[in-house]
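*Asks:* Sharing a structure, written as structure tokens. Questions coming.
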Amino acid sequence: MGHRAFRVAALGLALALVGGGVGSQERDPVKIGLIYTNTGPLAQLGIDMRDGNLLYWSQAGSRAGGRRVELLTESTGSNKPDEGLTKARKLVERDHVQILTGVIETPVAYALAGYVNDKKVPLMINIAGADGLSQKQRSDYVFRSSFSNSQASHPLGEWAYRQGYRKMVLLASDFAAGHEHIGGVARTFVAAGGQIIQEIYTPLGAPDFAPYLAQIRRDADVVAVAIFGADALRVVTQYAEFGLKGKIAMIGKGGLTDEAFLDKMGDAALGVVVAFNWSAALDTPENRRFRESFESKYKRPVSLTAESGYVGAQMLARALESTKGNVESPDTFLAALRGVEVDAPRGKVRLDSFHNPLQTVYVLKTERKDGVLQNTPIASYPNTSQFWTWTPDAFMAMPSYVELKGKWAK
Amino acid sequence: MTFWVTQALNGISFGMLLFLLAAGLSLIYGLMRMLNLAHGSYYILGGYVGLAAVRVTGSFVLAAVAATATVTLVGIVMERFFLRRFPEQELPQALLTFGFLLIFADLSLWLWGGTPQTLPKPEIFERSIRIGAIVFPTYRLFVIAIGLVVGLGLWWLQEGTRLGAMIRAGVDDAEMARATGVNVGLLSTAVFAFGAFLAGLGGIIGGPFVGVYPGADFEILEMALVVVIIGGLGSLKGAFVGGLVVGLLDNFGKALFPELALFTVFAPMAVILALRPTGLFGAR
């Protein structure tokens with residue numbers, strides 16, 4: 001035994017000496033694989049998220065915790081879980097990335113969760129708000145820099161009731177993200193005393209929203225919308241074209257008046273109210289600096305997915321710093337991720353015990369200021385949890401929003 | 001009431017767009033017995049070139065000219081230098097046009113990116129009109145008008161002109177037409193180019209409300225094929241009626257039974273295929 005202990009100690013000493021001898025040399029880079037969307041209705045969201053990541057790493061000189069960081073990117077179509085899984089496999093098994101990041105669509109995130117659990121690869125979701133992944137299907141390996149889909153929906157439903165709206169129509173993209181985003185609004189609106197009178201679900205990438213808009217019941221006093229990307233551009237402009245604007249108020253979730261499309265929407269977007277955890281118009285030094293550096297580097301407006309991508313990179317960098325780049329030791333690295341706290345452009349962000357951000361939710365109204373459209377904060381809900389006023393257990397005991405689709409309208 | 005009128009007008013305007021696309025597909029098939037799978041590509045090429053031209057010139061009319069001219073030229077080149085080499089060989093033709101479809105799709109993705117684009121409308125059609133409780137975008141009325149004008153023009157061309165007579169002769173019996181001195185080769189190029197022109201026009205007309213995006217080529221081709229199957233291959237009247245039927249079915253299907261959106265278009269097609277394999281107005 002003594003002999004063996006000696007050998008181990010000697011080996012340790014030798015390694016320490018070798019390690020000390022090459023201390024000035026570079027360790028292998030940390031490899032991060034980014035999965036983003038670059039075709040279809042959500043393409044701009046994916047490209048902005050990617051560029052938010054690239055912006056952070058270029059500012060950080062591609063280094064964190066004393067190690068070089070290499071970002072490998074892989075693209076998919078809009079909402080293609082199978083493609084996302086193939087790309088994740090390629091990144092992990094062929095390129096040997098140690099961390100996965102990115103992911104726009106909720107169904108893609110759901111598809112990746114099982115894989116990263118098996119492979120024990122940390123996944124930092126930059127957008128996809130898949131409720132389940134930070135609730136019932138909480139995983140040690142899945143983290144999020146963005147939001148859970150229904151997180152900002154809960155305050156919005158209550159806010160809508162307080163504006164005097166009583167009859168609401170739900171209009172959402174017909175996939176898990178749409179159901180979760182809109183379900184949250186419906187639940188708190190109904191709980192406050194409001195009534196859902198109609199639910200309309202549109203396919204992702206619907207070429208024309210006219211047939212859906214014409215169905216909207218005219219006795220409604222508010223339409224709540226969860227439609228994103230290029231679809232949002234069409235739904236907001238066509239809402240005005242068919243004369244609904246000004247008659248029935250339009251509210252929605254952040255991406256509806258995404259800064260990436262705001263300029264193209266023009267006056268049709270004026271007065272639309274959304275709930276989200278960030279706006280380009282937030283007047284803080286961090287946000288101004290972020291906005292200016294993004295816009296001077298990419299020559300286009302900064303957007304919410306760009307911010308969320310940037311925050312995802314910030315979180316990974318912070319965890320690498322606190323572990324001195326030791327991504328190879330999973331327990332310490334995951335613990336560092338759990339305790340991460342960053343000064344994001346949107347403000348201070350930390351994670352709850354389900355790995356989802358606790359953050360301020362803003363109610364934003366689209367206005368024209370100095371000739372440019374912006375989402376101006378008109379109300380805020382600080383430190384909002386994804387569980388709103390419920391306890392996690394009470395919240396998770398209720399049916400999920402995906403199950404409740406089609407059951408709101410009375 | 002408002003619902004029905006608005007939905008009907010929507011359906012008709014979409015139907016007119018489908019007519020522009022199906023007319024070319026149908027004419028080309030009628031004369032040359034060739035199914036041009038790259039027809040949907042002409043739609044997105046028209047849309048993208050139109051968009052680029054609108055950004056440079058700021059004029060919708062100039063953009064329409066640039067888009068249709070480009071697409072017509074593409075059609076001529078495809079027919080003269082490629083398809084002409086495989087006369088009456090359906091399989092090589094289908095493969096060749098499918099190859100073109102893929103090439104155009106990748107080329108557009110490379111040039112114009114993956115984000116769906118919407119063409120700006122001509123300024124005079126930016127507004128909506130209001131009749132009683134009905135509010136309807138004037139642009140869609142303009143699309144209906146374009147469809148009617150093109151439809152009437154085509155009808156006159158086919159029934160009232162010498163060129164139309166030659167086309168009809170070529171459709172009925174190419175060999176006999178040739179024997180009576182009709183230059184069927186030149187006629188084929190002309191019809192192919194004209195079909196491409198109509199699809200390119202569809203791209204620029206549809207650009208402001210359907211938009212152009214990767215994958216639109218397949219979707220539009222699919223819808224146009226349903227139109228010609230319902231209307232009958234080779235028949236202009238069929239393309240017109242088929243376009244209206246599919247446009248209305250699609251629109252009311254989505255509005256009334258959103259869960260069955262595709263079913264409401266494809267089920268009638270299957271019924272027509274079973275009862276009348278030649279379509280409503282097909283000759284053979």
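In the structure tokens, chains take letters A, B, ... by order of appearance, with residues numbered from 1 within each chain and ligands from 1 in the order shown.
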Could you please select, counting only C-alpha atoms, the residues of chain B within 8 Å of chain A and state them as number ranges by chain?
*Replies:* B: 3, 6-7, 10, 113-117, 127-128, 135-137, 209-211, 213-214, 251-252, 254-255, 258
*Asks:* For Val271 in chain B, please output as a PDB file with N, CA, C and O atoms, in the first residue's frame all residues within 12 Å (counting only C-alpha atoms; exclusion window: fewer than 5 positions along the same chain).
*Replies:*
```pdb
ATOM      1  N   VAL B 226     -51.836  21.683 -58.075  1.00  0.00           N
ATOM      2  CA  VAL B 226     -53.206  21.366 -57.672  1.00  0.00           C
ATOM      3  C   VAL B 226     -54.185  22.098 -58.589  1.00  0.00           C
ATOM      4  O   VAL B 226     -55.180  21.528 -59.046  1.00  0.00           O
ATOM      5  N   ILE B 229     -54.329  20.403 -61.930  1.00  0.00           N
ATOM      6  CA  ILE B 229     -54.980  19.088 -61.838  1.00  0.00           C
ATOM      7  C   ILE B 229     -56.495  19.272 -61.742  1.00  0.00           C
ATOM      8  O   ILE B 229     -57.265  18.581 -62.415  1.00  0.00           O
ATOM      9  N   ILE B 230     -56.922  20.242 -60.947  1.00  0.00           N
ATOM     10  CA  ILE B 230     -58.358  20.507 -60.842  1.00  0.00           C
ATOM     11  C   ILE B 230     -58.893  21.082 -62.146  1.00  0.00           C
ATOM     12  O   ILE B 230     -59.921  20.658 -62.664  1.00  0.00           O
ATOM     13  N   PHE B 263     -56.060  19.692 -46.009  1.00  0.00           N
ATOM     14  CA  PHE B 263     -57.080  18.738 -46.421  1.00  0.00           C
ATOM     15  C   PHE B 263     -58.112  19.398 -47.327  1.00  0.00           C
ATOM     16  O   PHE B 263     -58.516  18.842 -48.339  1.00  0.00           O
ATOM     17  N   THR B 264     -58.520  20.634 -46.979  1.00  0.00           N
ATOM     18  CA  THR B 264     -59.572  21.284 -47.753  1.00  0.00           C
ATOM     19  C   THR B 264     -59.126  21.577 -49.177  1.00  0.00           C
ATOM     20  O   THR B 264     -59.942  21.808 -50.047  1.00  0.00           O
ATOM     21  N   VAL B 265     -57.811  21.608 -49.430  1.00  0.00           N
ATOM     22  CA  VAL B 265     -57.343  21.829 -50.791  1.00  0.00           C
ATOM     23  C   VAL B 265     -57.117  20.496 -51.509  1.00  0.00           C
ATOM     24  O   VAL B 265     -57.507  20.310 -52.661  1.00  0.00           O
ATOM     25  N   PHE B 266     -56.497  19.549 -50.788  1.00  0.00           N
ATOM     26  CA  PHE B 266     -56.094  18.323 -51.467  1.00  0.00           C
ATOM     27  C   PHE B 266     -57.223  17.304 -51.603  1.00  0.00           C
ATOM     28  O   PHE B 266     -57.228  16.522 -52.553  1.00  0.00           O
ATOM     29  N   ARG B 276     -62.834  12.621 -62.582  1.00  0.00           N
ATOM     30  CA  ARG B 276     -62.497  13.184 -63.885  1.00  0.00           C
ATOM     31  C   ARG B 276     -60.989  13.341 -63.977  1.00  0.00           C
ATOM     32  O   ARG B 276     -60.460  14.425 -63.729  1.00  0.00           O
ATOM     33  N   PRO B 277     -60.287  12.279 -64.345  1.00  0.00           N
ATOM     34  CA  PRO B 277     -58.822  12.323 -64.321  1.00  0.00           C
ATOM     35  C   PRO B 277     -58.250  13.454 -65.185  1.00  0.00           C
ATOM     36  O   PRO B 277     -57.120  13.860 -64.975  1.00  0.00           O
ATOM     37  N   THR B 278     -59.028  13.957 -66.146  1.00  0.00           N
ATOM     38  CA  THR B 278     -58.486  15.007 -66.998  1.00  0.00           C
ATOM     39  C   THR B 278     -58.721  16.390 -66.406  1.00  0.00           C
ATOM     40  O   THR B 278     -58.354  17.383 -66.996  1.00  0.00           O
ATOM     41  N   GLY B 279     -59.355  16.461 -65.252  1.00  0.00           N
ATOM     42  CA  GLY B 279     -59.650  17.767 -64.669  1.00  0.00           C
ATOM     43  C   GLY B 279     -60.922  18.340 -65.243  1.00  0.00           C
ATOM     44  O   GLY B 279     -61.535  17.757 -66.151  1.00  0.00           O
ATOM     45  N   LEU B 280     -61.355  19.497 -64.719  1.00  0.00           N
ATOM     46  CA  LEU B 280     -62.641  20.066 -65.119  1.00  0.00           C
ATOM     47  C   LEU B 280     -62.707  20.390 -66.607  1.00  0.00           C
ATOM     48  O   LEU B 280     -63.695  20.150 -67.275  1.00  0.00           O
TER      49      LEU B 280
END
```
*Asks:* If we count only C-alpha atoms, what is near Ser188 in chain B at a cut-off of 9 Å, once residues fewer than 3 positions away on the same chain are taken out, given as a VMD selection string?
*Replies:* chain B and resid 28 31 to 32 79 167 170 183 to 185 191 to 193
*Asks:* Export N, CA and C atoms of the chosen residues as an mmCIF file, in the first residue's frame?
*Replies:*
```
data_model
loop_
_atom_site.group_PDB
_atom_site.id
_atom_site.type_symbol
_atom_site.label_atom_id
_atom_site.label_comp_id
_atom_site.auth_asym_id
_atom_site.auth_seq_id
_atom_site.Cartn_x
_atom_site.Cartn_y
_atom_site.Cartn_z
ATOM 1 N N ILE B 28 -47.450 25.502 -71.059
ATOM 2 C CA ILE B 28 -46.213 24.813 -71.426
ATOM 3 C C ILE B 28 -46.469 23.316 -71.547
ATOM 4 N N LEU B 31 -48.594 22.505 -74.828
ATOM 5 C CA LEU B 31 -47.908 22.563 -76.113
ATOM 6 C C LEU B 31 -46.753 21.586 -76.184
ATOM 7 N N MET B 32 -46.012 21.451 -75.093
ATOM 8 C CA MET B 32 -44.763 20.705 -75.170
ATOM 9 C C MET B 32 -44.789 19.399 -74.394
ATOM 10 N N GLU B 79 -35.149 26.888 -72.087
ATOM 11 C CA GLU B 79 -35.812 26.129 -73.147
ATOM 12 C C GLU B 79 -34.850 25.885 -74.306
ATOM 13 N N ILE B 167 -51.066 28.206 -81.555
ATOM 14 C CA ILE B 167 -50.827 27.501 -80.297
ATOM 15 C C ILE B 167 -51.832 26.368 -80.140
ATOM 16 N N GLY B 170 -50.924 23.600 -82.309
ATOM 17 C CA GLY B 170 -49.771 22.883 -81.751
ATOM 18 C C GLY B 170 -50.183 21.985 -80.602
ATOM 19 N N ASN B 183 -44.091 27.125 -87.326
ATOM 20 C CA ASN B 183 -42.770 26.857 -86.758
ATOM 21 C C ASN B 183 -42.935 26.475 -85.288
ATOM 22 N N VAL B 184 -43.134 25.180 -85.032
ATOM 23 C CA VAL B 184 -43.465 24.725 -83.686
ATOM 24 C C VAL B 184 -42.310 24.964 -82.716
ATOM 25 N N GLY B 185 -41.080 24.878 -83.234
ATOM 26 C CA GLY B 185 -39.913 25.109 -82.377
ATOM 27 C C GLY B 185 -39.919 26.509 -81.802
ATOM 28 N N VAL B 191 -43.882 30.205 -76.116
ATOM 29 C CA VAL B 191 -44.833 29.833 -75.065
ATOM 30 C C VAL B 191 -44.113 29.626 -73.741
ATOM 31 N N PHE B 192 -42.949 28.990 -73.822
ATOM 32 C CA PHE B 192 -42.180 28.758 -72.600
ATOM 33 C C PHE B 192 -41.798 30.097 -71.957
ATOM 34 N N ALA B 193 -41.324 31.019 -72.804
ATOM 35 C CA ALA B 193 -40.921 32.329 -72.303
ATOM 36 C C ALA B 193 -42.119 33.058 -71.707
#
```
*Asks:* Excluding range 107-121 of chain A and residues on its chain fewer than 5 positions from it, collect all residues at most 9 Å away from it, counting only C-alpha atoms, and give them as a list of chain:residue names.
*Replies:*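 The contact residues come out as A:Asn79, A:Lys80, A:Pro81, A:Asp82, A:Glu83, A:Gly84, A:Leu85, A:Ala88, A:Arg89, A:Val92, A:Val97, A:Gln98, A:Ile99, A:Leu100, A:Ala128, A:Gly129, A:Ala130, A:Gly132, A:Leu133, A:Gln137, A:Ser139, A:Asp140, A:Tyr141, A:Val142, A:Phe175, A:Ala176, A:Ala177, A:Pro330.
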*Asks:* Could you check which of B:Ala224, B:Ile144, B:Ala270, B:Met166 is closest to Arg178 in chain B, using only C-alpha atoms?
*Replies:*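 Of B:Ala224, B:Ile144, B:Ala270, B:Met166, the one nearest Arg178 in chain B, counting only C-alpha atoms, is B:Met166.
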*Asks:* B:Asp172, B:Asp250, B:Glu159, B:Glu90: which is nearest Arg33 in chain B, counting only C-alpha atoms?
*Replies:* B:Glu90
*Asks:* Find, counting only C-alpha atoms, the residue in B:Arg80, B:Ala53, B:Phe60, B:Asn36 that gets nearest to Ile124 in chain B.
*Replies:* B:Phe60
*Asks:* Report, in Å with one decimal, the straight-line distance from CA of Arg318 in chain A to CA of Ile32 in chain A.
*Replies:*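 CA of Ile32 in chain A lies at a distance of 14.2 Å from CA of Arg318 in chain A.
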*Asks:* So which residues touch range 346-355 of chain A within 9 Å, counting only C-alpha atoms, skipping near sequence neighbours fewer than 4 positions away, as a ChimeraX atom specification?
*Replies:* /A:133-135,138-140,142-145,277-280,282,284,286-287,307,311,337-342,359-360,383,385-386
*Asks:* Would you output that residue set with C-alpha atoms, as a PDB file, in the first residue's frame?
*Replies:*
```pdb
ATOM      1  CA  LEU A 133     -37.065  22.424 -19.468  1.00  0.00           C
ATOM      2  CA  SER A 134     -36.872  24.790 -16.522  1.00  0.00           C
ATOM      3  CA  GLN A 135     -39.849  23.232 -14.757  1.00  0.00           C
ATOM      4  CA  ARG A 138     -35.459  20.429 -15.129  1.00  0.00           C
ATOM      5  CA  SER A 139     -32.019  19.062 -15.984  1.00  0.00           C
ATOM      6  CA  ASP A 140     -28.584  19.472 -14.390  1.00  0.00           C
ATOM      7  CA  VAL A 142     -29.722  22.744 -19.237  1.00  0.00           C
ATOM      8  CA  PHE A 143     -29.464  26.481 -18.462  1.00  0.00           C
ATOM      9  CA  ARG A 144     -31.074  29.527 -19.965  1.00  0.00           C
ATOM     10  CA  SER A 145     -30.001  33.120 -20.582  1.00  0.00           C
ATOM     11  CA  ASN A 277     -37.378  41.403 -20.259  1.00  0.00           C
ATOM     12  CA  TRP A 278     -35.421  43.825 -22.439  1.00  0.00           C
ATOM     13  CA  SER A 279     -35.896  46.718 -24.830  1.00  0.00           C
ATOM     14  CA  ALA A 280     -33.381  48.594 -26.963  1.00  0.00           C
ATOM     15  CA  LEU A 282     -33.825  50.811 -21.779  1.00  0.00           C
ATOM     16  CA  THR A 284     -28.903  52.198 -18.717  1.00  0.00           C
ATOM     17  CA  GLU A 286     -24.795  48.754 -19.971  1.00  0.00           C
ATOM     18  CA  ASN A 287     -27.613  48.755 -22.502  1.00  0.00           C
ATOM     19  CA  GLU A 307     -29.177  40.700 -26.435  1.00  0.00           C
ATOM     20  CA  VAL A 311     -26.067  37.371 -22.215  1.00  0.00           C
ATOM     21  CA  LEU A 337     -23.160  28.027 -13.944  1.00  0.00           C
ATOM     22  CA  ARG A 338     -25.868  27.619 -11.317  1.00  0.00           C
ATOM     23  CA  GLY A 339     -24.463  30.474  -9.280  1.00  0.00           C
ATOM     24  CA  VAL A 340     -23.808  32.766 -12.221  1.00  0.00           C
ATOM     25  CA  GLU A 341     -24.821  36.404 -11.971  1.00  0.00           C
ATOM     26  CA  VAL A 342     -24.171  38.914 -14.737  1.00  0.00           C
ATOM     27  CA  GLN A 359     -35.389  39.272 -13.979  1.00  0.00           C
ATOM     28  CA  THR A 360     -37.405  42.423 -14.483  1.00  0.00           C
ATOM     29  CA  ASN A 383     -37.484  40.201 -10.053  1.00  0.00           C
ATOM     30  CA  SER A 385     -39.979  34.471 -11.487  1.00  0.00           C
ATOM     31  CA  GLN A 386     -41.140  32.030 -14.136  1.00  0.00           C
TER      32      GLN A 386
END
```
*Asks:* Taking 4 positions as the minimum chain separation for residues in the same chain, which residues sit within 9 Å of range 290-293 of chain A when counting only C-alpha atoms? Answer as JSON, numbers by chain.
*Replies:* {"A": [55, 280, 285, 286, 297, 298, 301, 302, 303, 307, 310, 345]}
*Asks:* Looking at only C-alpha atoms, which of A:Pro122, A:Val225, A:Met265, A:Ala313 is the one that sits closest to Gly157 in chain A?
*Replies:*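 Going through A:Pro122, A:Val225, A:Met265, A:Ala313 one by one, the smallest distance to Gly157 in chain A is for A:Val225.
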*Asks:* Which residues are near Arg27 in chain A? Cut-off 10 Å, only C-alpha atoms, ignore same chain within fewer than 5 positions. Put them as a list in words.
*Replies:*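 Listed by chain and then number, they are Val22, Gly66, Arg67, Arg68 and Gly325 of chain A.
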*Asks:* If you keep N, CA, C and O atoms, can you produce a file of those selected residues as a PDB file, in the first residue's frame?
*Replies:*
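Listing of out-v8.pdb after writing:
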```pdb
ATOM      1  N   VAL A  22       5.327  24.043 -18.098  1.00  0.00           N
ATOM      2  CA  VAL A  22       4.691  24.554 -19.310  1.00  0.00           C
ATOM      3  C   VAL A  22       3.641  25.609 -18.956  1.00  0.00           C
ATOM      4  O   VAL A  22       2.795  25.937 -19.754  1.00  0.00           O
ATOM      5  N   GLY A  66      -8.661  32.553 -18.401  1.00  0.00           N
ATOM      6  CA  GLY A  66      -7.288  32.228 -18.769  1.00  0.00           C
ATOM      7  C   GLY A  66      -7.162  31.246 -19.920  1.00  0.00           C
ATOM      8  O   GLY A  66      -6.088  30.743 -20.210  1.00  0.00           O
ATOM      9  N   ARG A  67      -8.296  30.966 -20.562  1.00  0.00           N
ATOM     10  CA  ARG A  67      -8.216  30.037 -21.705  1.00  0.00           C
ATOM     11  C   ARG A  67      -8.773  30.687 -22.947  1.00  0.00           C
ATOM     12  O   ARG A  67      -9.657  31.537 -22.882  1.00  0.00           O
ATOM     13  N   ARG A  68      -8.262  30.233 -24.084  1.00  0.00           N
ATOM     14  CA  ARG A  68      -8.816  30.692 -25.329  1.00  0.00           C
ATOM     15  C   ARG A  68     -10.180  30.029 -25.538  1.00  0.00           C
ATOM     16  O   ARG A  68     -10.383  28.888 -25.111  1.00  0.00           O
ATOM     17  N   GLY A 325     -11.381  28.398 -16.031  1.00  0.00           N
ATOM     18  CA  GLY A 325     -11.398  27.704 -17.313  1.00  0.00           C
ATOM     19  C   GLY A 325     -11.506  26.197 -17.210  1.00  0.00           C
ATOM     20  O   GLY A 325     -11.338  25.490 -18.199  1.00  0.00           O
TER      21      GLY A 325
END
```
*Asks:* Between B:Gln158, B:Thr72, B:Gln89, B:Thr2, single out the one closest to Ala190 in chain B, counting only C-alpha atoms.
*Replies:* B:Thr72
*Asks:* Can you list every residue in range 244-353 of chain A that DSSP puts in strand (DSSP E), as a list of chain:residue names?
*Replies:* A:Ala249, A:Met250, A:Ile251, A:Gly252, A:Lys253, A:Val273, A:Val274, A:Ala275, A:Phe276, A:Glu341, A:Val342, A:Asp343, A:Ala344, A:Gly347, A:Lys348, A:Val349, A:Arg350, A:Leu351
*Asks:* Take the residues just selected and output them with N, CA and C atoms as a PDB file, in the first residue's frame.
*Replies:*
```
ATOM      1  N   ALA A 249     -57.514  46.598 -29.467  1.00  0.00           N
ATOM      2  CA  ALA A 249     -56.124  46.791 -29.052  1.00  0.00           C
ATOM      3  C   ALA A 249     -55.311  45.532 -29.323  1.00  0.00           C
ATOM      4  N   MET A 250     -54.041  45.728 -29.688  1.00  0.00           N
ATOM      5  CA  MET A 250     -53.160  44.587 -29.918  1.00  0.00           C
ATOM      6  C   MET A 250     -52.068  44.581 -28.851  1.00  0.00           C
ATOM      7  N   ILE A 251     -51.978  43.465 -28.125  1.00  0.00           N
ATOM      8  CA  ILE A 251     -50.874  43.293 -27.189  1.00  0.00           C
ATOM      9  C   ILE A 251     -50.181  41.985 -27.525  1.00  0.00           C
ATOM     10  N   GLY A 252     -49.003  41.751 -26.960  1.00  0.00           N
ATOM     11  CA  GLY A 252     -48.336  40.507 -27.302  1.00  0.00           C
ATOM     12  C   GLY A 252     -47.067  40.279 -26.526  1.00  0.00           C
ATOM     13  N   LYS A 253     -46.312  39.282 -26.976  1.00  0.00           N
ATOM     14  CA  LYS A 253     -45.043  38.974 -26.345  1.00  0.00           C
ATOM     15  C   LYS A 253     -43.922  39.648 -27.121  1.00  0.00           C
ATOM     16  N   VAL A 273     -48.601  46.997 -27.581  1.00  0.00           N
ATOM     17  CA  VAL A 273     -47.990  46.834 -26.261  1.00  0.00           C
ATOM     18  C   VAL A 273     -47.525  45.389 -26.104  1.00  0.00           C
ATOM     19  N   VAL A 274     -46.275  45.211 -25.683  1.00  0.00           N
ATOM     20  CA  VAL A 274     -45.764  43.855 -25.465  1.00  0.00           C
ATOM     21  C   VAL A 274     -45.094  43.769 -24.101  1.00  0.00           C
ATOM     22  N   ALA A 275     -44.913  42.532 -23.625  1.00  0.00           N
ATOM     23  CA  ALA A 275     -44.169  42.317 -22.385  1.00  0.00           C
ATOM     24  C   ALA A 275     -42.894  41.565 -22.709  1.00  0.00           C
ATOM     25  N   PHE A 276     -41.781  42.082 -22.168  1.00  0.00           N
ATOM     26  CA  PHE A 276     -40.507  41.400 -22.384  1.00  0.00           C
ATOM     27  C   PHE A 276     -39.495  41.839 -21.342  1.00  0.00           C
ATOM     28  N   GLU A 341     -24.071  35.150 -12.042  1.00  0.00           N
ATOM     29  CA  GLU A 341     -24.821  36.404 -11.971  1.00  0.00           C
ATOM     30  C   GLU A 341     -24.108  37.394 -12.877  1.00  0.00           C
ATOM     31  N   VAL A 342     -24.849  38.014 -13.788  1.00  0.00           N
ATOM     32  CA  VAL A 342     -24.171  38.914 -14.737  1.00  0.00           C
ATOM     33  C   VAL A 342     -24.880  40.263 -14.788  1.00  0.00           C
ATOM     34  N   ASP A 343     -24.074  41.294 -15.148  1.00  0.00           N
ATOM     35  CA  ASP A 343     -24.642  42.608 -15.428  1.00  0.00           C
ATOM     36  C   ASP A 343     -24.959  42.651 -16.909  1.00  0.00           C
ATOM     37  N   ALA A 344     -26.137  42.184 -17.253  1.00  0.00           N
ATOM     38  CA  ALA A 344     -26.520  42.087 -18.652  1.00  0.00           C
ATOM     39  C   ALA A 344     -26.989  43.454 -19.146  1.00  0.00           C
ATOM     40  N   GLY A 347     -30.008  44.372 -17.429  1.00  0.00           N
ATOM     41  CA  GLY A 347     -29.910  44.586 -15.990  1.00  0.00           C
ATOM     42  C   GLY A 347     -29.286  43.368 -15.330  1.00  0.00           C
ATOM     43  N   LYS A 348     -29.359  43.329 -13.991  1.00  0.00           N
ATOM     44  CA  LYS A 348     -28.774  42.184 -13.283  1.00  0.00           C
ATOM     45  C   LYS A 348     -29.607  40.939 -13.528  1.00  0.00           C
ATOM     46  N   VAL A 349     -28.940  39.822 -13.833  1.00  0.00           N
ATOM     47  CA  VAL A 349     -29.648  38.564 -14.066  1.00  0.00           C
ATOM     48  C   VAL A 349     -28.986  37.470 -13.253  1.00  0.00           C
ATOM     49  N   ARG A 350     -29.787  36.714 -12.487  1.00  0.00           N
ATOM     50  CA  ARG A 350     -29.277  35.482 -11.883  1.00  0.00           C
ATOM     51  C   ARG A 350     -30.293  34.379 -12.153  1.00  0.00           C
ATOM     52  N   LEU A 351     -29.886  33.144 -11.876  1.00  0.00           N
ATOM     53  CA  LEU A 351     -30.742  32.011 -12.228  1.00  0.00           C
ATOM     54  C   LEU A 351     -31.464  31.487 -10.999  1.00  0.00           C
TER      55      LEU A 351
END
```
*Asks:* DSSP on the backbone, alpha helix (DSSP H) only: what residues of range 24-202 of chain A does that give? Format it as a PyMOL selection string.
*Replies:* chain A and resi 43-59+81-89+106-119+153-162+176-192
*Asks:* Which residue, A:Ser329, A:Leu262, A:Pro382, A:Met49, has the smallest gap to Pro357 in chain A when you use only C-alpha atoms?
*Replies:*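 Comparing A:Ser329, A:Leu262, A:Pro382, A:Met49 against Pro357 in chain A, the winner is A:Pro382.
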*Asks:* Which value, in Å to one decimal, gives the distance between CA of Ala224 in chain A and CA of Lys167 in chain A?
*Replies:*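 Taking CA of Ala224 in chain A and CA of Lys167 in chain A, their separation equals 10.5 Å.
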*Asks:* Report, in Å to a single decimal, how far apart CA of Asp263 in chain A and CA of Tyr43 in chain B are.
*Replies:*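 Calculated distance between CA of Tyr43 in chain B and CA of Asp263 in chain A is 26.3 Å.
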